[in-house]
Amino acid sequence: MKICIHKQLLALAMIALLAACTKETVNSSGKSPYGDPILPSITFAENSVNPAKGFVNDEVLVRGTGFLKNKDKLEVLFNGEKAEILETTDSAVRVRIPAMASTGAINVKVGDEFYFGPFFQVFGGLVVDTTFATKGGASALITAIFPGNDNKYIIAGRFNNYDNVNKPGGVNRMARLLNDGTLDNAWEYGWQTGPQGDVYSGVYLPDEQKFLVAGSFNRYARTQNVFSIARLGFGGMIDSTIIELPSQNTAIASSLAGGVRGVVNNLHLLPDGKMLLVGDFRYYVRPNFNLVAASGVDSMHLDSTFVQHIIKLHPNGELDSSWNYDLAQHRGLPTVNGRIYKSHLLPDGKVLIAGNFTTYKGQPAPRIARINADGTLDNSFNPGSGADLLIYDLFVQQDGKIIVAGGFTRFNGTGANRVVRLTADGAVDPTFSVGAGPDGTKIDQIGVLPNGVIILTGTFRKFNNLQRNNFIVLNADGSIHPTYNAIGGLRYATASDDGTVMDIMNVKGENSVILVGNFDVFDNRMANRIVKLKFQ
């Protein structure tokens with residue numbers, strides 16, 4: 001009997017539970033038990049913006065619904081910058097483009113609600129040249145650009161194509177561009193060309209109609225044992241020589257006697273034709289082909305000389321042992337204790353260096369130093385305690401002042417968020433201030449236009465609390481330029497440790513500048529690793 005009672009009770013409980021569930025999910029009126037759906041406060045009409053592009057202070061009409069009833073809580077933003085509202089109706093709001101607006105989305109806020117709106121292009125004093133590099137750009141990272149012959153440009157990188165051309169073997173890491181950014185077909189292309197590694201610096205030799213390039217490679221085209229520096233012929237092929245071997249056979253070698261094991265970040269051509277190499281390397285190496293193995297066959301040996309980060313070479317590539325060299329020990333004298341990322345050759349023969357080092361020849365050199373022409377430390381340059389973290393780039397202005405940028409937050413004990421300017425003697429320049437600076441981790445490139453305007457690129461979303469994507473333009477005093485910041489920033493093409501921009505080159509004879517690097521979108525347009533900007 002007890003078992004039957006328990007079964008009856010269980011059945012009654014199940015019926016009650018089902019009835020309860022039915023009452024919760026079914027409403028006799030047909031309305032949802034969760035209430036009416038929440039409708040958006042604002043909706044945008046199709047083709048909602050008129051005009052769809054304009055200059056700062058122009059008036060723009062944004063059409064949609066819900067504007068009037070939310071008038072007291074309404075904000076219209078141009079890429080994050082609040083616009084002045086001139087007139088509001090239920091179907092439209094008329095606004096004025098704000099002073100620091102940039103290309104991007106027009107969005108609307110109603111209290112804490114945020115509504116994503118249409119794209120809007122803002123024009124300013126610095127604009128993308130839409131006639132340049134229109135055929136596709138580079139297929140991968142561009143590491144460097146430098147002037148070539150006849151108003152042409154040389155680019156280097158990790159690309160295997162440019163302009164989407166169909167060339168056997170592709171476009172292997174090096175190319176020459178015409179003035180409009182298209183590929184120069186007079187340069188040599190294909191799998192048997194280009195370096196097996198990166199090129200970071202280069203210079204055109206007009207008297208010889210040849211090129212010097214340097215970076216991090218140990219082979220160029222089919223020529224082996226080419227160590228981080230090469231001389232190229234006018235058409236881009238490596239300048240080589242024939243070596244007579246002991247067996248009376250021959251070998252092809254670089255026309256330069258030697259190079260370095262490691263990375264050359266900067267190559268400087270000196271007035272006497274010698275070359276100064278600066279970067280992250282520890283050995284000068286020179287191939288020796290005049291050896292015979294025990295088996296009797298030809299053998300190549302690599303002669304190595306210890307050097308540190310800075311060396312001087314003769315025009316033929318031989319090590320200049322008269323510069324910063326210990327003749328008794330047959331090795332280079334000590335220099336910095338870390339990487340050099342950037343160097344600048346000064347008119348008096350001295351060299352500014354910056355990077356991630358703390359000493360030079362055992363003396364304090366807090367990530368920046370000036371080196372005398374004989375390789376000794378210039379103690380008249382005094383940055384105090386210098387940068388608290390590494391320096392990626394520096395730029396020497398015409399007045400001798402030095403803009404320095406990197407990952408640091410303090411310089412000589414005072415706040416300096418990623419960028420600072422120094423006087424010629426190394427002291428912090430108090431007339432230059434970027435305010436809060438970037439909200440990201442680094443500034444990696446500096447460009448200064450002939451009119452003194454400063455371009456900074458890096459990893460940030462805001463600069464001095466102004467919404468910007470990895471690109472900002474400053475006045476000479478560090479304040480944000482009022483008309484050059486309408487550009488909508490840039491976007492990384494791939495995740496990498498390389499900077500968004502790797503090189504910035506002013507175009508001779510034009511009010512324009514070319515940027516190359518690791519971006520695929522610039523000012524909300526496709527821009528495959530290269531873009532040209534025009535300025536007023």
# chains A, B, ... in the order shown; residues from 1 in each chain; ligands from 1
call {"tool": "closest_atom_pairs", "arguments": {"of": "range 455-485 of chain A", "to": "range 71-90 of chain A", "cutoff": "12 Å", "atoms": "only C-alpha atoms", "output": "JSON lines"}}
result
{"residue": "A:Arg461", "atom": "CA", "partner": "A:Gly80", "partner_atom": "CA", "distance": 11.1}
{"residue": "A:Lys462", "atom": "CA", "partner": "A:Gly80", "partner_atom": "CA", "distance": 10.3}
{"residue": "A:Asn465", "atom": "CA", "partner": "A:Gly80", "partner_atom": "CA", "distance": 10.4}
{"residue": "A:Leu466", "atom": "CA", "partner": "A:Glu81", "partner_atom": "CA", "distance": 7.9}
{"residue": "A:Gln467", "atom": "CA", "partner": "A:Gly80", "partner_atom": "CA", "distance": 6.2}
{"residue": "A:Arg468", "atom": "CA", "partner": "A:Asn79", "partner_atom": "CA", "distance": 8.6}
{"residue": "A:Asn469", "atom": "CA", "partner": "A:Asn79", "partner_atom": "CA", "distance": 10.4}
{"residue": "A:Asn485", "atom": "CA", "partner": "A:Asn79", "partner_atom": "CA", "distance": 11.7}
call {"tool": "write_last_selection", "arguments": {"atoms": "N, CA, C and O atoms", "output": "PDB file, in the first residue's frame"}}
result
ATOM      1  N   ARG A 461      45.833  53.841 -30.210  1.00  0.00           N
ATOM      2  CA  ARG A 461      44.477  54.156 -30.652  1.00  0.00           C
ATOM      3  C   ARG A 461      44.100  55.602 -30.354  1.00  0.00           C
ATOM      4  O   ARG A 461      43.209  56.162 -30.987  1.00  0.00           O
ATOM      5  N   LYS A 462      44.780  56.196 -29.404  1.00  0.00           N
ATOM      6  CA  LYS A 462      44.558  57.597 -29.080  1.00  0.00           C
ATOM      7  C   LYS A 462      45.900  58.294 -28.933  1.00  0.00           C
ATOM      8  O   LYS A 462      46.893  57.673 -28.530  1.00  0.00           O
ATOM      9  N   ASN A 465      44.626  61.963 -26.125  1.00  0.00           N
ATOM     10  CA  ASN A 465      43.174  61.763 -25.939  1.00  0.00           C
ATOM     11  C   ASN A 465      42.358  61.983 -27.209  1.00  0.00           C
ATOM     12  O   ASN A 465      41.123  61.985 -27.160  1.00  0.00           O
ATOM     13  N   LEU A 466      43.018  62.159 -28.335  1.00  0.00           N
ATOM     14  CA  LEU A 466      42.333  62.251 -29.620  1.00  0.00           C
ATOM     15  C   LEU A 466      42.349  60.870 -30.270  1.00  0.00           C
ATOM     16  O   LEU A 466      43.394  60.234 -30.360  1.00  0.00           O
ATOM     17  N   GLN A 467      41.185  60.400 -30.710  1.00  0.00           N
ATOM     18  CA  GLN A 467      41.106  59.067 -31.288  1.00  0.00           C
ATOM     19  C   GLN A 467      41.843  59.019 -32.626  1.00  0.00           C
ATOM     20  O   GLN A 467      41.496  59.719 -33.563  1.00  0.00           O
ATOM     21  N   ARG A 468      42.867  58.183 -32.699  1.00  0.00           N
ATOM     22  CA  ARG A 468      43.655  58.011 -33.908  1.00  0.00           C
ATOM     23  C   ARG A 468      44.164  56.574 -33.976  1.00  0.00           C
ATOM     24  O   ARG A 468      44.439  55.962 -32.941  1.00  0.00           O
ATOM     25  N   ASN A 469      44.340  56.062 -35.189  1.00  0.00           N
ATOM     26  CA  ASN A 469      44.793  54.692 -35.376  1.00  0.00           C
ATOM     27  C   ASN A 469      46.216  54.671 -35.919  1.00  0.00           C
ATOM     28  O   ASN A 469      46.435  54.730 -37.129  1.00  0.00           O
ATOM     29  N   ASN A 485      45.372  66.256 -39.775  1.00  0.00           N
ATOM     30  CA  ASN A 485      44.985  65.022 -39.090  1.00  0.00           C
ATOM     31  C   ASN A 485      43.620  64.494 -39.504  1.00  0.00           C
ATOM     32  O   ASN A 485      42.957  63.806 -38.738  1.00  0.00           O
TER      33      ASN A 485
END
call {"tool": "residues_around", "arguments": {"residues": "Gly517 in chain A", "least_positions_apart": "2", "cutoff": "8 Å", "atoms": "only C-alpha atoms", "output": "list of chain:residue names"}}
result
A:Leu141, A:Ile142, A:Thr143, A:Ala144, A:Gly499, A:Thr500, A:Val501, A:Met502, A:Asp503, A:Leu515, A:Phe519, A:Arg529, A:Ile530
call {"tool": "closest_atom_pairs", "arguments": {"of": "range 359-381 of chain A", "to": "range 414-438 of chain A", "cutoff": "12 Å", "atoms": "only C-alpha atoms", "output": "JSON lines"}}
result
{"residue": "A:Ala365", "atom": "CA", "partner": "A:Gly426", "partner_atom": "CA", "distance": 11.3}
{"residue": "A:Pro366", "atom": "CA", "partner": "A:Gly426", "partner_atom": "CA", "distance": 11.2}
{"residue": "A:Arg367", "atom": "CA", "partner": "A:Gly426", "partner_atom": "CA", "distance": 11.9}
{"residue": "A:Ile368", "atom": "CA", "partner": "A:Gly426", "partner_atom": "CA", "distance": 8.9}
{"residue": "A:Ala369", "atom": "CA", "partner": "A:Gly426", "partner_atom": "CA", "distance": 8.5}
{"residue": "A:Arg370", "atom": "CA", "partner": "A:Gly426", "partner_atom": "CA", "distance": 9.0}
{"residue": "A:Asp378", "atom": "CA", "partner": "A:Asp425", "partner_atom": "CA", "distance": 10.0}
{"residue": "A:Asn379", "atom": "CA", "partner": "A:Asp425", "partner_atom": "CA", "distance": 9.4}
{"residue": "A:Ser380", "atom": "CA", "partner": "A:Asp425", "partner_atom": "CA", "distance": 6.5}
{"residue": "A:Phe381", "atom": "CA", "partner": "A:Asp425", "partner_atom": "CA", "distance": 4.6}
call {"tool": "write_last_selection", "arguments": {"atoms": "C-alpha atoms", "output": "mmCIF file, in the first residue's frame"}}
result
data_model
loop_
_atom_site.group_PDB
_atom_site.id
_atom_site.type_symbol
_atom_site.label_atom_id
_atom_site.label_comp_id
_atom_site.auth_asym_id
_atom_site.auth_seq_id
_atom_site.Cartn_x
_atom_site.Cartn_y
_atom_site.Cartn_z
ATOM 1 C CA ALA A 365 75.139 55.866 -22.740
ATOM 2 C CA PRO A 366 71.445 55.506 -21.777
ATOM 3 C CA ARG A 367 70.019 54.282 -25.106
ATOM 4 C CA ILE A 368 71.297 57.326 -26.997
ATOM 5 C CA ALA A 369 74.805 58.679 -27.608
ATOM 6 C CA ARG A 370 76.859 60.791 -29.980
ATOM 7 C CA ASP A 378 81.354 62.565 -27.437
ATOM 8 C CA ASN A 379 80.943 63.629 -23.803
ATOM 9 C CA SER A 380 79.639 67.058 -24.825
ATOM 10 C CA PHE A 381 76.369 65.291 -25.645
#
call {"tool": "atom_distance", "arguments": {"atom1": "CA of Lys167 in chain A", "atom2": "CA of Gly233 in chain A"}}
result
20.4 Å
call {"tool": "atom_distance", "arguments": {"atom1": "CA of Phe211 in chain A", "atom2": "CA of Lys135 in chain A"}}
result
25.9 Å
call {"tool": "closest_residue", "arguments": {"among": "A:Ser41, A:Thr134, A:Ser304, A:Asn50", "to": "Gly66 in chain A", "atoms": "only C-alpha atoms"}}
result
A:Ser41
call {"tool": "atom_distance", "arguments": {"atom1": "CA of Arg219 in chain A", "atom2": "CA of Gly355 in chain A"}}
result
26.8 Å
call {"tool": "residues_around", "arguments": {"residues": "Asn57 in chain A", "least_positions_apart": "5", "cutoff": "7 Å", "atoms": "only C-alpha atoms", "output": "JSON, numbers by chain"}}
result
{"A": [96, 97, 98, 99]}
call {"tool": "closest_residue", "arguments": {"among": "A:Gln536, A:Ser228, A:Gln397, A:Ser385", "to": "Leu256 in chain A", "atoms": "only C-alpha atoms"}}
result
A:Ser228
